[in-house]
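A.B. asks: Pasting a structure below so you can have a look.
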Amino acid sequence: MSEQGLRIHGLRCSVEGNEILKGIDLTVEPGKVHALMGPNGSGKSTLAFSLTGHPKYTVTAGTATLDGQDLLDLPADKRARAGLFLSFQYPAAIPGVKVPNFLFAARQAVRPGELTPAKFRALLLEKMDVLGMDPSFLGRYLNDGFSGGEKKRLEMLQMAVLAPKYAILDETDSGLDVDALKDVGDSVKALRASDEGKNTGFLIITHYPRILQHIEPDVVHVMMDGRIVKTGDAQLAHRIEREGYDVIREETRALA
Amino acid sequence: MPSELLTSERDAWLERYRSTPTGREKPSRYWKVDLDALETALPSGTPGGDVSIEAPAGRIVAVDLATAQRDSATLLARAFGKAVVPAMKFAHLARAFTRVGAFVYIPADYASDEPVVIRYRSSGAESIFPHTVVYAERGSRATVVEHLDVEPGSFVCGIAEIVTEEGADVTFAAPQRVPGDARVLYTRAALPGKDARITWATAELGAALAVADIAISAEHPGVDANIATLFFPSASQHVDIVSTVDHRVGDTTSETIVKAAATGAGQGRYLGNIRIAAHAQHTQASLKDDALLLSKRAHIDSIPALEIAANDVKAFHGATVGALDDDAIFYMTSRGIDRAHAERMIALGFFEPVVERFPGETLRDELRAELQRKIEP
């Protein structure tokens, strides 16, 4: 079973000719929670976009596989159907496309033919209830006029509905108040507790350690200047909280 | 009155038609039709067409124009010819040949949720000059849906006009889906009373050439004027829309929403006029027009024209022209939806803010289906 996992080797990625990722090695095992921390501009979101296939991000070297399947040759939709999910930091607003229609199309694409529209609606309402979302969300257009917190909640709802094999949460905690933060933590826990999501692996990208009070990570990575400079257990996150990124930066320099 | 036009009156209307400029630009690289030279292209033969009218049970009177002239001449006279203004060139042409029409009368304080449905038909490729008149009394509420079921090759030049009294609320929907080689020119004008609400919901989807003037003149305080329009030229279709909201007095509000897409070699022009007169203080007007280009040869010119002479008003204007948003496509594909499906959903969704202004889920679904056919021919 050595193929299992979201496996990234030597990944280099450029955006408009500038190299942002300078060789990333990282493996997220099924059912594990990895945190990817780092200061702004270190390349965390670039990693998320290059894995999910954003056309503006050009992978120049390295490999990425999902349970043995090569991701990098696939268009974005096929990566999602392989089981990859990204919770966007800034999800696009799409006026005129109603939330349930979008979610049904996505669910059908990822898990074809499993649910009738009626059963899907029941599932949706159940997941929304868990997330404390008002049913009025179903009458709204996708992210159109949503507050920051509402957008994040909708990302979590999508994660719950699609139950991916691997979920990347790109700063889902940013801009959230304490209650919303707890809700994000609860959504991850709910997915892990469900049949569909008990083996889901998570890569939680965050600038601040506070989200990790709600989701205990198995592994913590620190990224700086397009490289992972340190990997440890949950204690590493606590250290960053106490000491900040500068201390890690100094240590890394000393080693180099 | 229309069916009794003397030759001299017809000549007078034709003379007004000829002497009124369209105000439209001449043909250019994209736009191929000269609207000022249209007369020579009129089909020969006597104007034809007939009308069928379905009115909901109740007190609304909805009859053909000849019947209205015979039985309700006084009521008809309160609205007939009242909302159209001399600058509306194609209304003069319609008046010169009007033979078929409908009159809808909504009595005071009467409200109906069932729409009045008017259908104009042609038999064969003929020219037809329909004239619909709606007169709504104080505090009434009603919806009118007007369909054009014309044969290929038809030429349609029509008028729809609405006059209301205080506090009335009238929605008039016109989903134009005529065959691809027909030509349709329409003048739609409304004159609402004090505190009255008017909504034009129009769609230009069919016809080789579709030209529409859509206007609301706010001449009484409290008027709430709404124009929701979508158009979608595909293949070699040409669509030309001018909308005008004239705030002649203050304390009036208006909202104009236009959603346009073009594909194939489709050509579209939109001119959105908002006029706020010098004494029309405390007016609130918004104009939002968005255009979506789905092919390289498609072209849409979108021109907002705001003339604001008052100083204490709120006027909003926003316009976009562009292709489908890459970030939106990526977002949807990142959820497993394939690119073609994602583009279809986004393009269809683009029209939704106007589609939802049309009355009735059946009509809205018909519009969505027609839009979908045009998105993926």
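Convention: chains lettered A, B, ... in structure tokens order; per-chain residue numbering from 1; ligands numbered from 1 as shown.
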Show which residues sit within 10 Å of Pro86 (chain B), as an MDAnalysis selection string. Count only C-alpha atoms, and ignore same-chain residues fewer than 6 positions away.

C.D. replies: chainID B and resid 16:17 20 92

A.B. asks: Would you list which chain B residues are within 12 Å of chain A using only C-alpha atoms, as an MDAnalysis selection string?

C.D. replies: chainID B and resid 259 290 324:356 368

A.B. asks: Give me the residues near Met128 (chain A) as a PyMOL selection string, where near means some atom within 12 Å (using only C-alpha atoms) and where sequence neighbours in that chain fewer than 3 positions away do not count.

C.D. replies: chain A and resi 99-100+121-125+131-138+153-161+183+187+190

A.B. asks: Which residues in region 113-299 of chain B does DSSP call strand (DSSP E)? List them as number ranges by chain.

C.D. replies: B: 116-121, 127-128, 130-136, 141-149, 155-164, 169-176, 183-191, 197-204, 209-218, 224-231, 238-247, 253-262, 267-276, 284-293, 299

A.B. asks: What separation in Å, quoted to one decimal, exists between CA of Ala319 (chain B) and CA of Pro233 (chain B)?

C.D. replies: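 Calculated distance between CA of Ala319 (chain B) and CA of Pro233 (chain B) is 18.6 Å.
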
A.B. asks: Of the candidates A:Ala167, A:Ile215, A:Leu115, A:Leu176, which one gets nearest to Glu150 (chain A) if we count only C-alpha atoms?

C.D. replies: A:Leu176

A.B. asks: Which residues are near Ala196 (chain B)? Cut-off 7 Å, only C-alpha atoms, ignore same chain within fewer than 2 positions. Put them as a VMD selection string.

C.D. replies: chain B and resid 166 to 169 192 to 194 198 222 to 224

A.B. asks: Could you turn the residues from that selection into a file that holds C-alpha atoms, as a short mmCIF file (atom, residue, chain, number, x, y, z; two decimals), in the first residue's frame?

C.D. replies:
data_model
loop_
_atom_site.label_atom_id
_atom_site.label_comp_id
_atom_site.auth_asym_id
_atom_site.auth_seq_id
_atom_site.Cartn_x
_atom_site.Cartn_y
_atom_site.Cartn_z
CA GLU B 166 -52.12 55.94 -8.99
CA GLY B 167 -50.66 52.96 -7.14
CA ALA B 168 -51.13 50.44 -9.94
CA ASP B 169 -48.59 47.66 -10.46
CA PRO B 192 -47.22 55.09 -14.84
CA GLY B 193 -49.31 57.11 -12.40
CA LYS B 194 -48.34 58.39 -8.96
CA ILE B 198 -44.07 49.27 -13.93
CA GLY B 222 -43.47 57.64 -6.26
CA VAL B 223 -43.09 55.94 -9.63
CA ASP B 224 -41.06 52.74 -9.46
#

A.B. asks: I'd like to know which of B:Ser123, B:Thr320, B:Gln281, B:Thr74 is closest to Pro152 (chain B), using only C-alpha atoms.

C.D. replies: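 Nearest to Pro152 (chain B): B:Ser123.
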
A.B. asks: Env of Leu47 (chain A): 10 Å cut, atoms = only C-alpha atoms, seq-sep filter 2 positions within chain, self excluded. Answer as a PyMOL selection string.

C.D. replies: chain A and resi 8+11-13+20-21+24+42-45+49-52+57+59+168+170+205+226

A.B. asks: Got a sec: who's within 12 Å of region 34-37 of chain B, counting only C-alpha atoms, leaving out chain neighbours fewer than 2 positions off, as a PyMOL selection string?

C.D. replies: chain B and resi 17-28+30-32+39-42+89-90+183+185+209-212+238-240

A.B. asks: Pick the closest to Tyr166 (chain A) from A:Glu29, A:Asp195, A:Asp179, A:Glu250: which is it, counting only C-alpha atoms?

C.D. replies: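 Smallest distance to Tyr166 (chain A) is found for A:Glu29.
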
A.B. asks: Find the residue from B:Asp149, B:Asp195, B:Glu161, B:Asp301 that sits nearest to Leu76 (chain B); use only C-alpha atoms when measuring.

C.D. replies: B:Glu161

A.B. asks: Which residues in region 284-366 of chain B does DSSP call alpha helix (DSSP H)? List them as a PyMOL selection string.

C.D. replies: chain B and resi 326-333+339-355+361-366

A.B. asks: Please produce a file of those selected residues containing C-alpha atoms, as an mmCIF file, in the first residue's frame.

C.D. replies:
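Contents of the output file again-v4.cif:
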data_model
loop_
_atom_site.group_PDB
_atom_site.id
_atom_site.type_symbol
_atom_site.label_atom_id
_atom_site.label_comp_id
_atom_site.auth_asym_id
_atom_site.auth_seq_id
_atom_site.Cartn_x
_atom_site.Cartn_y
_atom_site.Cartn_z
ATOM 1 C CA ASP B 326 -11.526 32.089 -15.736
ATOM 2 C CA ASP B 327 -11.639 32.046 -11.938
ATOM 3 C CA ALA B 328 -15.294 31.043 -12.010
ATOM 4 C CA ILE B 329 -14.544 28.237 -14.477
ATOM 5 C CA PHE B 330 -11.644 26.989 -12.372
ATOM 6 C CA TYR B 331 -13.741 27.104 -9.223
ATOM 7 C CA MET B 332 -16.439 24.938 -10.779
ATOM 8 C CA THR B 333 -14.031 22.508 -12.434
ATOM 9 C CA ARG B 339 -15.235 22.522 -18.303
ATOM 10 C CA ALA B 340 -17.985 22.533 -20.944
ATOM 11 C CA HIS B 341 -20.645 21.940 -18.298
ATOM 12 C CA ALA B 342 -19.141 24.636 -16.077
ATOM 13 C CA GLU B 343 -19.150 27.163 -18.928
ATOM 14 C CA ARG B 344 -22.764 26.313 -19.701
ATOM 15 C CA MET B 345 -23.838 26.770 -16.098
ATOM 16 C CA ILE B 346 -22.006 30.086 -15.776
ATOM 17 C CA ALA B 347 -23.387 31.429 -19.067
ATOM 18 C CA LEU B 348 -26.918 30.359 -18.203
ATOM 19 C CA GLY B 349 -26.574 31.795 -14.714
ATOM 20 C CA PHE B 350 -25.446 35.082 -16.206
ATOM 21 C CA PHE B 351 -28.977 35.654 -17.556
ATOM 22 C CA GLU B 352 -30.750 34.514 -14.413
ATOM 23 C CA PRO B 353 -31.203 37.948 -12.774
ATOM 24 C CA VAL B 354 -33.338 38.922 -15.801
ATOM 25 C CA VAL B 355 -34.964 35.508 -16.320
ATOM 26 C CA GLU B 361 -41.909 29.076 -13.733
ATOM 27 C CA THR B 362 -43.092 27.588 -17.056
ATOM 28 C CA LEU B 363 -42.146 30.695 -19.006
ATOM 29 C CA ARG B 364 -38.868 31.005 -17.093
ATOM 30 C CA ASP B 365 -37.993 27.377 -17.891
ATOM 31 C CA GLU B 366 -38.814 27.947 -21.561
#

A.B. asks: In Å to one decimal, how far is CA of Val184 (chain B) from CA of Phe231 (chain B)?

C.D. replies: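 Computing it gives 13.2 Å between the two atoms.
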
A.B. asks: Tell me, in Å to one decimal, how far CA of Leu71 (chain A) is from CA of Gly5 (chain A).

C.D. replies: 12.1 Å

A.B. asks: Set the distance at 12 Å and use only C-alpha atoms: which residues neighbour Gly232 (chain A) once local chain neighbours fewer than 6 positions away are removed? I'd like the list as a CSV table (one decimal) with C-alpha atoms, in the first residue's frame.

C.D. replies:
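Below is the file result.csv, written as the result:
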chain,number,residue,atom,x,y,z
A,34,HIS,CA,-1.2,17.7,8.2
A,35,ALA,CA,-0.8,21.3,8.9
A,36,LEU,CA,1.2,23.5,6.5
A,37,MET,CA,2.3,26.7,8.2
A,217,PRO,CA,-2.6,17.9,13.5
A,218,ASP,CA,-0.7,14.6,13.2
A,219,VAL,CA,2.1,16.4,11.4
A,220,VAL,CA,3.1,20.1,11.1
A,221,HIS,CA,5.2,21.4,8.3
A,222,VAL,CA,6.7,24.9,8.1
A,238,HIS,CA,2.7,25.5,19.6
A,239,ARG,CA,6.3,26.7,19.3
A,240,ILE,CA,5.4,28.9,16.4

A.B. asks: Go through B:Tyr110, B:Phe172, B:Phe232, B:Phe129 one by one, measure the shortest atom-to-atom distance of each to Arg197 (chain B) using only C-alpha atoms, and give the residue with the smallest value.

C.D. replies: B:Phe172
